[in-house]
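Next comes entry24.json, with JSON, C-alpha atoms and all ligand atoms.
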```json
[["chain", "number", "residue", "atom", "x", "y", "z"],
["A", 408, "MET", "CA", 29.39, -102.56, 7.56],
["A", 409, "ASP", "CA", 27.71, -105.87, 6.63],
["A", 410, "PRO", "CA", 30.53, -108.18, 5.43],
["A", 411, "ASN", "CA", 27.99, -110.27, 3.49],
["A", 412, "ARG", "CA", 26.02, -107.51, 1.76],
["A", 413, "LEU", "CA", 27.67, -108.18, -1.61],
["A", 414, "LYS", "CA", 28.37, -111.91, -1.14],
["A", 415, "GLY", "CA", 27.83, -113.78, -4.38],
["A", 416, "LYS", "CA", 28.53, -110.68, -6.51],
["A", 417, "ASN", "CA", 31.40, -111.07, -8.96],
["A", 418, "ILE", "CA", 32.24, -107.57, -10.13],
["A", 419, "LEU", "CA", 34.52, -106.35, -12.91],
["A", 420, "ILE", "CA", 35.82, -102.81, -12.29],
["A", 421, "THR", "CA", 37.64, -100.87, -15.01],
["A", 422, "GLY", "CA", 40.20, -98.21, -14.11],
["A", 423, "ALA", "CA", 40.73, -99.80, -10.69],
["A", 424, "ALA", "CA", 44.42, -98.99, -10.12],
["A", 425, "GLN", "CA", 43.74, -95.78, -8.18],
["A", 426, "GLY", "CA", 41.14, -93.16, -7.31],
["A", 427, "MET", "CA", 37.47, -94.08, -7.11],
["A", 428, "GLY", "CA", 37.92, -97.42, -8.92],
["A", 429, "ALA", "CA", 40.37, -98.69, -6.30],
["A", 430, "CYS", "CA", 38.33, -97.28, -3.41],
["A", 431, "ASN", "CA", 35.14, -98.93, -4.70],
["A", 432, "ALA", "CA", 36.95, -102.25, -5.22],
["A", 433, "GLU", "CA", 38.17, -102.32, -1.62],
["A", 434, "TYR", "CA", 34.74, -101.31, -0.32],
["A", 435, "PHE", "CA", 32.92, -103.98, -2.36],
["A", 436, "ALA", "CA", 35.37, -106.71, -1.32],
["A", 437, "ALA", "CA", 35.01, -105.71, 2.33],
["A", 438, "GLN", "CA", 31.30, -106.46, 1.85],
["A", 439, "GLY", "CA", 31.97, -109.90, 0.39],
["A", 440, "ALA", "CA", 32.14, -109.25, -3.37],
["A", 441, "ASN", "CA", 34.80, -110.84, -5.56],
["A", 442, "VAL", "CA", 36.40, -108.24, -7.78],
["A", 443, "CYS", "CA", 38.32, -108.31, -11.04],
["A", 444, "LEU", "CA", 40.41, -105.16, -11.33],
["A", 445, "GLY", "CA", 41.22, -104.00, -14.88],
["A", 446, "ASP", "CA", 43.52, -101.13, -15.80],
["A", 447, "ILE", "CA", 46.29, -100.11, -18.21],
["A", 448, "ASN", "CA", 48.32, -99.62, -15.03],
["A", 449, "VAL", "CA", 49.03, -103.28, -14.27],
["A", 450, "GLU", "CA", 51.33, -102.60, -11.33],
["A", 451, "GLY", "CA", 48.62, -100.45, -9.79],
["A", 452, "VAL", "CA", 45.86, -103.07, -10.03],
["A", 453, "ASN", "CA", 48.22, -105.78, -8.79],
["A", 454, "GLU", "CA", 48.85, -103.71, -5.68],
["A", 455, "VAL", "CA", 45.14, -103.05, -5.05],
["A", 456, "ALA", "CA", 44.41, -106.77, -5.50],
["A", 457, "ARG", "CA", 47.19, -107.63, -3.07],
["A", 458, "ARG", "CA", 45.67, -105.30, -0.44],
["A", 459, "ILE", "CA", 42.19, -106.78, -0.93],
["A", 460, "ASN", "CA", 43.40, -110.38, -0.70],
["A", 461, "ALA", "CA", 45.42, -109.54, 2.42],
["A", 462, "ALA", "CA", 42.29, -108.02, 4.03],
["A", 463, "GLY", "CA", 40.62, -111.39, 3.52],
["A", 464, "ASN", "CA", 36.91, -111.11, 2.72],
["A", 465, "GLY", "CA", 36.01, -110.99, -1.01],
["A", 466, "ARG", "CA", 38.76, -112.10, -3.38],
["A", 467, "ALA", "CA", 40.50, -110.01, -6.03],
["A", 468, "ILE", "CA", 42.32, -110.62, -9.30],
["A", 469, "ALA", "CA", 44.04, -108.05, -11.50],
["A", 470, "VAL", "CA", 44.14, -107.93, -15.30],
["A", 471, "LYS", "CA", 45.69, -105.70, -17.93],
["A", 472, "LEU", "CA", 42.81, -103.89, -19.59],
["A", 473, "ASP", "CA", 42.79, -101.07, -22.10],
["A", 474, "VAL", "CA", 39.10, -100.19, -22.32],
["A", 475, "THR", "CA", 39.47, -98.98, -25.92],
["A", 476, "SER", "CA", 40.21, -102.56, -27.02],
["A", 477, "ARG", "CA", 37.28, -104.92, -27.58],
["A", 478, "ALA", "CA", 39.60, -107.91, -27.14],
["A", 479, "ASP", "CA", 40.84, -106.60, -23.76],
["A", 480, "ASN", "CA", 37.26, -106.04, -22.58],
["A", 481, "ALA", "CA", 36.30, -109.57, -23.62],
["A", 482, "GLU", "CA", 39.37, -111.02, -21.92],
["A", 483, "ALA", "CA", 38.65, -109.17, -18.68],
["A", 484, "VAL", "CA", 35.12, -110.60, -18.63],
["A", 485, "ALA", "CA", 36.51, -114.07, -19.34],
["A", 486, "ALA", "CA", 39.11, -113.71, -16.57],
["A", 487, "THR", "CA", 36.37, -112.75, -14.09],
["A", 488, "VAL", "CA", 34.34, -115.84, -15.03],
["A", 489, "GLU", "CA", 37.39, -118.08, -14.90],
["A", 490, "ALA", "CA", 38.37, -116.85, -11.43],
["A", 491, "PHE", "CA", 34.94, -116.65, -9.79],
["A", 492, "GLY", "CA", 32.64, -118.87, -11.90],
["A", 493, "SER", "CA", 30.43, -116.07, -13.26],
["A", 494, "ILE", "CA", 30.08, -112.30, -13.56],
["A", 495, "ASN", "CA", 27.10, -110.36, -12.17],
["A", 496, "VAL", "CA", 28.13, -106.72, -12.31],
["A", 497, "THR", "CA", 30.44, -104.55, -14.39],
["A", 498, "LEU", "CA", 31.46, -101.09, -13.18],
["A", 499, "LEU", "CA", 32.72, -99.01, -16.11],
["A", 500, "ASN", "CA", 34.84, -96.51, -14.22],
["A", 501, "ALA", "CA", 37.96, -95.94, -16.36],
["A", 502, "GLY", "CA", 38.11, -92.35, -17.59],
["A", 503, "ILE", "CA", 40.41, -89.44, -18.38],
["A", 504, "ASN", "CA", 40.21, -85.69, -18.81],
["A", 505, "LYS", "CA", 42.45, -83.13, -20.52],
["A", 506, "PRO", "CA", 41.02, -79.61, -20.50],
["A", 507, "LEU", "CA", 41.38, -77.20, -23.41],
["A", 508, "MET", "CA", 39.60, -73.94, -24.15],
["A", 509, "PHE", "CA", 36.95, -74.42, -26.84],
["A", 510, "LEU", "CA", 38.81, -72.89, -29.80],
["A", 511, "ASP", "CA", 41.97, -74.84, -28.89],
["A", 512, "ILE", "CA", 40.36, -78.30, -28.91],
["A", 513, "THR", "CA", 42.23, -80.57, -31.29],
["A", 514, "GLU", "CA", 41.12, -83.72, -33.07],
["A", 515, "GLU", "CA", 43.65, -85.65, -30.96],
["A", 516, "ASN", "CA", 42.17, -84.32, -27.71],
["A", 517, "TRP", "CA", 38.61, -85.10, -28.84],
["A", 518, "ASP", "CA", 39.48, -88.60, -30.09],
["A", 519, "MET", "CA", 41.51, -89.57, -27.01],
["A", 520, "ILE", "CA", 38.79, -88.54, -24.57],
["A", 521, "MET", "CA", 35.87, -89.93, -26.58],
["A", 522, "ASN", "CA", 37.72, -93.21, -27.20],
["A", 523, "ILE", "CA", 38.47, -93.95, -23.57],
["A", 524, "ASN", "CA", 35.40, -92.47, -21.88],
["A", 525, "ALA", "CA", 32.64, -93.15, -24.41],
["A", 526, "LYS", "CA", 33.77, -95.98, -26.70],
["A", 527, "GLY", "CA", 35.42, -97.70, -23.72],
["A", 528, "GLN", "CA", 32.07, -97.81, -21.92],
["A", 529, "LEU", "CA", 30.21, -99.06, -25.01],
["A", 530, "LEU", "CA", 32.67, -101.94, -25.48],
["A", 531, "GLY", "CA", 32.60, -102.78, -21.78],
["A", 532, "MET", "CA", 28.80, -102.89, -21.81],
["A", 533, "GLN", "CA", 28.65, -105.08, -24.91],
["A", 534, "GLU", "CA", 31.25, -107.60, -23.77],
["A", 535, "ALA", "CA", 29.70, -107.93, -20.29],
["A", 536, "ALA", "CA", 26.18, -108.16, -21.73],
["A", 537, "LYS", "CA", 27.19, -111.01, -24.06],
["A", 538, "GLN", "CA", 28.39, -113.00, -21.05],
["A", 539, "PHE", "CA", 25.30, -112.10, -18.97],
["A", 540, "ILE", "CA", 23.09, -113.38, -21.79],
["A", 541, "LYS", "CA", 25.13, -116.58, -21.95],
["A", 542, "GLN", "CA", 24.67, -117.12, -18.21],
["A", 543, "GLY", "CA", 20.87, -116.95, -18.65],
["A", 544, "LYS", "CA", 18.31, -114.43, -17.47],
["A", 545, "GLU", "CA", 17.08, -116.75, -14.73],
["A", 546, "ASN", "CA", 20.45, -116.18, -13.00],
["A", 547, "GLY", "CA", 20.13, -112.37, -13.08],
["A", 548, "PRO", "CA", 19.53, -109.59, -12.51],
["A", 549, "TYR", "CA", 22.83, -108.48, -13.98],
["A", 550, "LYS", "CA", 24.02, -104.96, -13.51],
["A", 551, "ILE", "CA", 25.95, -102.54, -15.69],
["A", 552, "ILE", "CA", 27.10, -99.38, -13.91],
["A", 553, "ASN", "CA", 28.52, -96.51, -15.98],
["A", 554, "VAL", "CA", 30.45, -93.70, -14.34],
["A", 555, "GLY", "CA", 29.18, -90.33, -15.52],
["A", 556, "SER", "CA", 29.82, -86.90, -14.06],
["A", 557, "ILE", "CA", 28.19, -83.58, -13.28],
["A", 558, "VAL", "CA", 29.10, -82.77, -16.89],
["A", 559, "SER", "CA", 26.82, -85.58, -18.09],
["A", 560, "ARG", "CA", 24.07, -82.97, -17.72],
["A", 561, "GLN", "CA", 25.82, -79.56, -17.96],
["A", 562, "ALA", "CA", 28.92, -79.00, -20.07],
["A", 563, "PHE", "CA", 31.68, -76.81, -18.64],
["A", 564, "LEU", "CA", 33.41, -74.42, -21.08],
["A", 565, "ASP", "CA", 36.97, -75.70, -20.47],
["A", 566, "VAL", "CA", 36.21, -79.44, -20.76],
["A", 567, "VAL", "CA", 33.82, -79.73, -23.71],
["A", 568, "PRO", "CA", 35.13, -83.06, -25.12],
["A", 569, "TYR", "CA", 35.03, -84.56, -21.60],
["A", 570, "SER", "CA", 31.48, -83.20, -21.19],
["A", 571, "ALA", "CA", 30.52, -84.74, -24.55],
["A", 572, "SER", "CA", 31.97, -88.09, -23.47],
["A", 573, "LYS", "CA", 30.00, -88.00, -20.22],
["A", 574, "HIS", "CA", 26.82, -86.98, -22.08],
["A", 575, "ALA", "CA", 27.52, -90.15, -24.08],
["A", 576, "THR", "CA", 27.53, -92.03, -20.76],
["A", 577, "LEU", "CA", 23.99, -90.80, -20.13],
["A", 578, "ALA", "CA", 22.92, -91.99, -23.59],
["A", 579, "LEU", "CA", 24.56, -95.37, -23.01],
["A", 580, "ILE", "CA", 22.69, -95.69, -19.70],
["A", 581, "ASN", "CA", 19.29, -94.71, -21.14],
["A", 582, "GLY", "CA", 19.65, -96.61, -24.40],
["A", 583, "GLY", "CA", 21.41, -99.59, -22.85],
["A", 584, "ALA", "CA", 18.66, -99.95, -20.23],
["A", 585, "LYS", "CA", 16.03, -100.11, -22.99],
["A", 586, "ALA", "CA", 18.05, -102.50, -25.15],
["A", 587, "LEU", "CA", 19.06, -104.94, -22.42],
["A", 588, "VAL", "CA", 16.03, -105.14, -20.12],
["A", 589, "GLU", "CA", 14.71, -108.22, -21.93],
["A", 590, "HIS", "CA", 17.84, -110.09, -20.79],
["A", 591, "ASN", "CA", 17.34, -109.17, -17.11],
["A", 592, "ILE", "CA", 20.20, -106.65, -17.29],
["A", 593, "THR", "CA", 19.87, -103.25, -15.65],
["A", 594, "VAL", "CA", 21.95, -100.22, -16.62],
["A", 595, "ASN", "CA", 22.48, -97.37, -14.18],
["A", 596, "GLY", "CA", 25.24, -94.96, -13.30],
["A", 597, "TYR", "CA", 26.41, -92.23, -11.00],
["A", 598, "GLY", "CA", 27.91, -88.83, -11.57],
["A", 599, "PRO", "CA", 30.55, -87.61, -9.13],
["A", 600, "GLY", "CA", 31.18, -83.86, -8.79],
["A", 601, "VAL", "CA", 34.62, -82.67, -7.71],
["A", 602, "VAL", "CA", 36.52, -85.61, -6.23],
["A", 603, "ARG", "CA", 40.05, -85.39, -4.90],
["A", 604, "THR", "CA", 41.85, -88.13, -6.89],
["A", 605, "GLU", "CA", 44.93, -88.31, -9.12],
["A", 606, "LEU", "CA", 42.67, -87.28, -12.00],
["A", 607, "TRP", "CA", 41.86, -83.99, -10.28],
["A", 608, "GLU", "CA", 45.49, -83.39, -9.20],
["A", 609, "GLN", "CA", 46.42, -83.45, -12.91],
["A", 610, "LEU", "CA", 43.36, -81.44, -13.92],
["A", 611, "ASP", "CA", 44.33, -78.75, -11.40],
["A", 612, "LYS", "CA", 47.76, -78.39, -13.07],
["A", 613, "ASP", "CA", 46.25, -78.43, -16.59],
["A", 614, "LEU", "CA", 43.69, -75.74, -15.68],
["A", 615, "VAL", "CA", 46.56, -73.43, -14.72],
["A", 616, "LYS", "CA", 48.31, -74.18, -18.03],
["A", 617, "ILE", "CA", 45.23, -73.15, -20.06],
["A", 618, "GLY", "CA", 44.73, -69.99, -18.00],
["A", 619, "MET", "CA", 41.59, -70.91, -16.03],
["A", 620, "PHE", "CA", 43.39, -70.43, -12.70],
["A", 621, "GLU", "CA", 46.47, -68.45, -11.68],
["A", 622, "LYS", "CA", 48.04, -70.96, -9.33],
["A", 623, "GLU", "CA", 47.94, -74.68, -8.72],
["A", 624, "GLY", "CA", 45.78, -75.74, -5.80],
["A", 625, "GLN", "CA", 43.06, -73.11, -6.40],
["A", 626, "SER", "CA", 40.58, -74.96, -8.61],
["A", 627, "MET", "CA", 38.98, -77.36, -6.12],
["A", 628, "ASP", "CA", 38.53, -74.74, -3.40],
["A", 629, "HIS", "CA", 37.16, -72.25, -5.92],
["A", 630, "LEU", "CA", 34.55, -74.74, -7.15],
["A", 631, "ALA", "CA", 33.68, -75.71, -3.59],
["A", 632, "LYS", "CA", 33.04, -72.06, -2.69],
["A", 633, "THR", "CA", 31.20, -71.03, -5.82],
["A", 634, "MET", "CA", 29.39, -74.09, -7.16],
["A", 635, "ILE", "CA", 28.96, -76.76, -4.48],
["A", 636, "LEU", "CA", 25.96, -76.29, -2.16],
["A", 637, "MET", "CA", 27.72, -78.22, 0.62],
["A", 638, "LYS", "CA", 30.78, -75.94, 0.23],
["A", 639, "ARG", "CA", 33.31, -78.76, 0.13],
["A", 640, "TYR", "CA", 34.73, -80.98, -2.54],
["A", 641, "SER", "CA", 34.59, -84.75, -2.11],
["A", 642, "TYR", "CA", 36.79, -87.83, -1.70],
["A", 643, "PRO", "CA", 36.34, -91.35, -3.13],
["A", 644, "ASP", "CA", 34.78, -92.37, 0.22],
["A", 645, "ASP", "CA", 31.88, -90.00, -0.53],
["A", 646, "VAL", "CA", 31.10, -91.94, -3.70],
["A", 647, "ARG", "CA", 31.55, -95.58, -2.72],
["A", 648, "GLY", "CA", 28.21, -95.95, -0.87],
["A", 649, "THR", "CA", 26.17, -95.14, -3.98],
["A", 650, "ALA", "CA", 28.39, -97.41, -6.07],
["A", 651, "ALA", "CA", 27.84, -100.29, -3.61],
["A", 652, "PHE", "CA", 24.08, -99.64, -3.59],
["A", 653, "LEU", "CA", 24.02, -99.94, -7.38],
["A", 654, "CYS", "CA", 25.82, -103.33, -7.12],
["A", 655, "SER", "CA", 23.51, -104.60, -4.40],
["A", 656, "PRO", "CA", 20.05, -106.21, -4.62],
["A", 657, "GLU", "CA", 18.63, -103.02, -3.12],
["A", 658, "SER", "CA", 18.79, -101.38, -6.56],
["A", 659, "ASP", "CA", 17.22, -104.30, -8.46],
["A", 660, "TYR", "CA", 14.11, -102.31, -9.48],
["A", 661, "MET", "CA", 16.11, -99.42, -10.98],
["A", 662, "THR", "CA", 17.23, -99.07, -14.55],
["A", 663, "GLY", "CA", 18.20, -96.25, -16.92],
["A", 664, "GLN", "CA", 19.14, -93.85, -14.09],
["A", 665, "LEU", "CA", 22.13, -91.57, -13.52],
["A", 666, "ILE", "CA", 22.47, -90.48, -9.87],
["A", 667, "MET", "CA", 24.50, -87.36, -9.04],
["A", 668, "ILE", "CA", 26.86, -87.51, -6.04],
["A", 669, "ASP", "CA", 28.05, -83.92, -6.09],
["A", 670, "GLY", "CA", 27.20, -82.10, -2.87],
["A", 671, "GLY", "CA", 24.41, -80.31, -4.73],
["A", 672, "MET", "CA", 26.01, -78.95, -7.91],
["A", 673, "ILE", "CA", 23.63, -80.12, -10.63],
["A", 674, "MET", "CA", 19.93, -80.62, -9.97],
["A", 675, "GLN", "CA", 17.99, -82.15, -12.85],
["A", 701, "LIG", "N1", 37.78, -87.03, -9.97],
["A", 701, "LIG", "C1", 36.67, -86.39, -10.26],
["A", 701, "LIG", "O1", 36.44, -85.27, -9.77],
["A", 701, "LIG", "C2", 35.62, -87.02, -11.15],
["A", 701, "LIG", "C3", 34.39, -86.35, -11.26],
["A", 701, "LIG", "C4", 33.40, -86.91, -12.07],
["A", 701, "LIG", "C5", 33.61, -88.10, -12.72],
["A", 701, "LIG", "N2", 34.83, -88.73, -12.60],
["A", 701, "LIG", "C6", 34.99, -89.99, -13.31],
["A", 701, "LIG", "O2", 35.21, -91.03, -12.37],
["A", 701, "LIG", "C7", 36.00, -92.05, -12.95],
["A", 701, "LIG", "C8", 37.21, -92.34, -12.08],
["A", 701, "LIG", "O3", 37.95, -91.14, -11.95],
["A", 701, "LIG", "P1", 39.12, -90.92, -10.89],
["A", 701, "LIG", "O4", 39.02, -89.49, -10.48],
["A", 701, "LIG", "O5", 39.10, -91.99, -9.86],
["A", 701, "LIG", "O6", 40.37, -91.05, -11.88],
["A", 701, "LIG", "P2", 41.86, -91.62, -11.69],
["A", 701, "LIG", "O7", 42.68, -90.94, -12.71],
["A", 701, "LIG", "O8", 42.29, -91.54, -10.27],
["A", 701, "LIG", "O9", 41.66, -93.15, -12.07],
["A", 701, "LIG", "C9", 41.31, -93.53, -13.38],
["A", 701, "LIG", "C10", 41.92, -94.88, -13.72],
["A", 701, "LIG", "O10", 41.57, -95.20, -15.06],
["A", 701, "LIG", "C11", 42.71, -95.80, -15.67],
["A", 701, "LIG", "N3", 42.65, -95.69, -17.13],
["A", 701, "LIG", "C12", 42.89, -94.61, -17.90],
["A", 701, "LIG", "N4", 42.80, -94.93, -19.20],
["A", 701, "LIG", "C13", 42.48, -96.24, -19.25],
["A", 701, "LIG", "C14", 42.24, -97.16, -20.31],
["A", 701, "LIG", "N5", 42.35, -96.80, -21.60],
["A", 701, "LIG", "N6", 41.92, -98.44, -19.99],
["A", 701, "LIG", "C15", 41.82, -98.83, -18.70],
["A", 701, "LIG", "N7", 42.07, -98.02, -17.66],
["A", 701, "LIG", "C16", 42.38, -96.73, -17.94],
["A", 701, "LIG", "C17", 43.91, -95.07, -15.07],
["A", 701, "LIG", "O11", 45.10, -95.82, -15.22],
["A", 701, "LIG", "C18", 43.46, -94.91, -13.62],
["A", 701, "LIG", "O12", 43.88, -96.00, -12.83],
["A", 701, "LIG", "C19", 36.35, -91.55, -14.36],
["A", 701, "LIG", "O13", 35.43, -92.08, -15.29],
["A", 701, "LIG", "C20", 36.17, -90.05, -14.26],
["A", 701, "LIG", "O14", 35.88, -89.46, -15.49],
["A", 701, "LIG", "C21", 35.84, -88.21, -11.84]]
```

Mind converting the file's structure to structure tokens?
Ligand SMILES: NC(=O)c1ccc[n+]([C@@H]2O[C@H](COP(=O)([O-])OP(=O)(O)OC[C@H]3O[C@@H](n4cnc5c(N)ncnc54)[C@H](O)[C@@H]3O)[C@@H](O)[C@H]2O)c1
Amino acid sequence: MDPNRLKGKNILITGAAQGMGACNAEYFAAQGANVCLGDINVEGVNEVARRINAAGNGRAIAVKLDVTSRADNAEAVAATVEAFGSINVTLLNAGINKPLMFLDITEENWDMIMNINAKGQLLGMQEAAKQFIKQGKENGPYKIINVGSIVSRQAFLDVVPYSASKHATLALINGGAKALVEHNITVNGYGPGVVRTELWEQLDKDLVKIGMFEKEGQSMDHLAKTMILMKRYSYPDDVRGTAAFLCSPESDYMTGQLIMIDGGMIMQ
């Protein structure tokens, strides 16, 4: 690993207390990036920041961030700039899921998922973009990275609101790329498939509750066998390389793209 690959990159990561957000943060910092970790789980981000600072390459700070709040998003951007002098990249990773069969979907379920996953990304993009514009396009390119999913392209029957929120991610990437290119801001994203994180541990339990599986612990193996070409589910380590690539200068000529990292589940 090149410890200087991401030197000079100051990166805000939302939802960084655990799972892929935390894994990416540690990977970026090990390659020289400074990272601002935002999450509603303040203890969690404090602990990830402590680990990163103890490891001693890129620096880390932690902030309380609820992505559904415009003020929180603005404050997280400001905290990044205050700590590191500027912000170059924002990784909009925070997200939740709560499966329900189609006829059981409630307004509360829809609103909660769309608020965090879709509105949260819009606000994060806007607040970062305002700061990027302030810093001047000659100091870019600036990068917005939105976390999508396999369901950004194909909805699954038991997670329709989540699928809608991740289709929104695709629209934010495409539309954001067009809207922000004049400011030397690129917008790209990636779509993980089935990743073993706390999110999936909970999803596995919820899928049993709604009758999709008989027993806990079946869902990931079932999907691996029936839907994943590579016949295995993934871990955050499988995703971090693409995330780092999208932060790095190697992706400077890309915008408006959503890359799947799913072992061959969705091909379009
Ligand atoms: N795990 C998977 O299989 C999978 C697959 C495709 C896409 N994704 C997406 O990847 C991203 C990360 O998922 P993960 O599996 O690492 O999840 P995770 O549950 O392990 O981590 C998500 C983090 O987001 C935080 N969060 C939740 N609501 C928030 C809010 N309102 N404001 C700020 N932070 C908030 C949580 O506290 C948590 O730390 C999400 O966008 C998710 O939808 C996950």

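Using all atoms listed in the file, every residue with an atom at most 6 Å from the point (40.5, -110.8, -10.4) is listed here: Val442, Cys443, Leu444, Ala467, Ile468, Ala469 and Thr487 of chain A.
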
What does the file look like for those residues with C-alpha atoms, as a compact mmCIF listing (two decimals), keeping the file's coordinate frame?
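After the write, out_34.txt holds the following:
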```txt
# COMPACT_ATOMS: atom_id res chain seq x y z
CA VAL A 442 36.40 -108.24 -7.78
CA CYS A 443 38.32 -108.31 -11.04
CA LEU A 444 40.41 -105.16 -11.33
CA ALA A 467 40.50 -110.01 -6.03
CA ILE A 468 42.32 -110.62 -9.30
CA ALA A 469 44.04 -108.05 -11.50
CA THR A 487 36.37 -112.75 -14.09
```

Subject >> Atom-to-atom span, atom CA of A:Gln528 and atom CA of A:Asn553, Å >> reply: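 So the two atoms, atom CA of A:Gln528 and atom CA of A:Asn553, lie 7.0 Å apart.
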
Original post:
Which is closest to ligand LIG 701 (chain A) among A:Ile420, A:Leu653, A:Ile617, A:Ala481, if we use only C-alpha atoms and all ligand atoms?
Top reply: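 Result for the nearest residue to ligand LIG 701 (chain A): A:Ile420.
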
**OP:** Would you please work out which residue, of A:Leu499, A:Met427, A:Leu577, A:Ala562, is nearest to A:Lys550 when using all atoms listed in the file?
**Re:** A:Leu499

Original post:
Which chains and residue numbers are within 7 Å of ligand LIG 701 (chain A), counting all atoms listed in the file, if I want them as a ChimeraX atom specification?
Top reply: /A:421-428,445-448,472-475,500-504,523-524,554-557,598-607

Original post:
Rounded to one decimal in Å, what is the spacing between atom CA of A:Phe435 and atom CA of A:Gly663?
Top reply: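 About the pair atom CA of A:Phe435 and atom CA of A:Gly663: they are 22.1 Å apart.
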
Original post:
Taking into account only C-alpha atoms, which residue in the set A:Thr633, A:Gln561, A:Asn591, A:Thr513 is nearest to A:Asp659?
Top reply: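 Ranking A:Thr633, A:Gln561, A:Asn591, A:Thr513 by distance to A:Asp659, first place goes to A:Asn591.
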
Subject >> A:Val615 environment, 12 Å, all atoms listed in the file, sequence neighbours closer than 6 positions dropped, as a PyMOL selection string >> reply: chain A and resi 506-508+565+608-609+621-626

**OP:** Would you kindly return, as number ranges by chain, each protein, DNA or RNA residue with an atom no farther than 9 Å from any atom of A:Ile540, considering only C-alpha atoms and excluding same-chain residues fewer than 3 positions away?
**Re:** A: 535-537, 543-544, 590-592

Subject >> Straight-line distance linking atom CA of A:Met667 with atom CA of A:Tyr597, stated in Å to one decimal >> reply: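 Value for the atom CA of A:Met667-atom CA of A:Tyr597 distance: 5.6 Å.
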
**OP:** May I ask which of the residues A:Glu657, A:Glu454, A:Asp669, A:Glu545 is the closest one to A:Leu413, counting only C-alpha atoms?
**Re:** A:Glu657

Subject >> Contact residues around A:Phe491 with only C-alpha atoms at 12 Å, ignoring same-chain residues under 4 positions, as a ChimeraX atom specification >> reply: /A:414-419,440-443,465-468,484-487,495

**OP:** Tell me which of A:Asn581, A:Asn516, A:His574, A:Val452 sits closest to A:Cys430, counting all atoms listed in the file.
**Re:**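 Of A:Asn581, A:Asn516, A:His574, A:Val452, the one nearest A:Cys430 is A:Val452, counting all atoms listed in the file.
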
4 Å per side around stretch 537-545 of chain A: axis-aligned box centre and edge lengths, as AutoDock Vina command-line options:
```
--center_x 22.7 --center_y -114.1 --center_z -19.4 --size_x 19.3 --size_y 14.1 --size_z 17.3
```

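Among A:Ile520, A:Ala575, A:Ala437, A:Ala478, the residue with the shortest atom-to-atom distance to A:Ile459, counting only C-alpha atoms, is A:Ala437.
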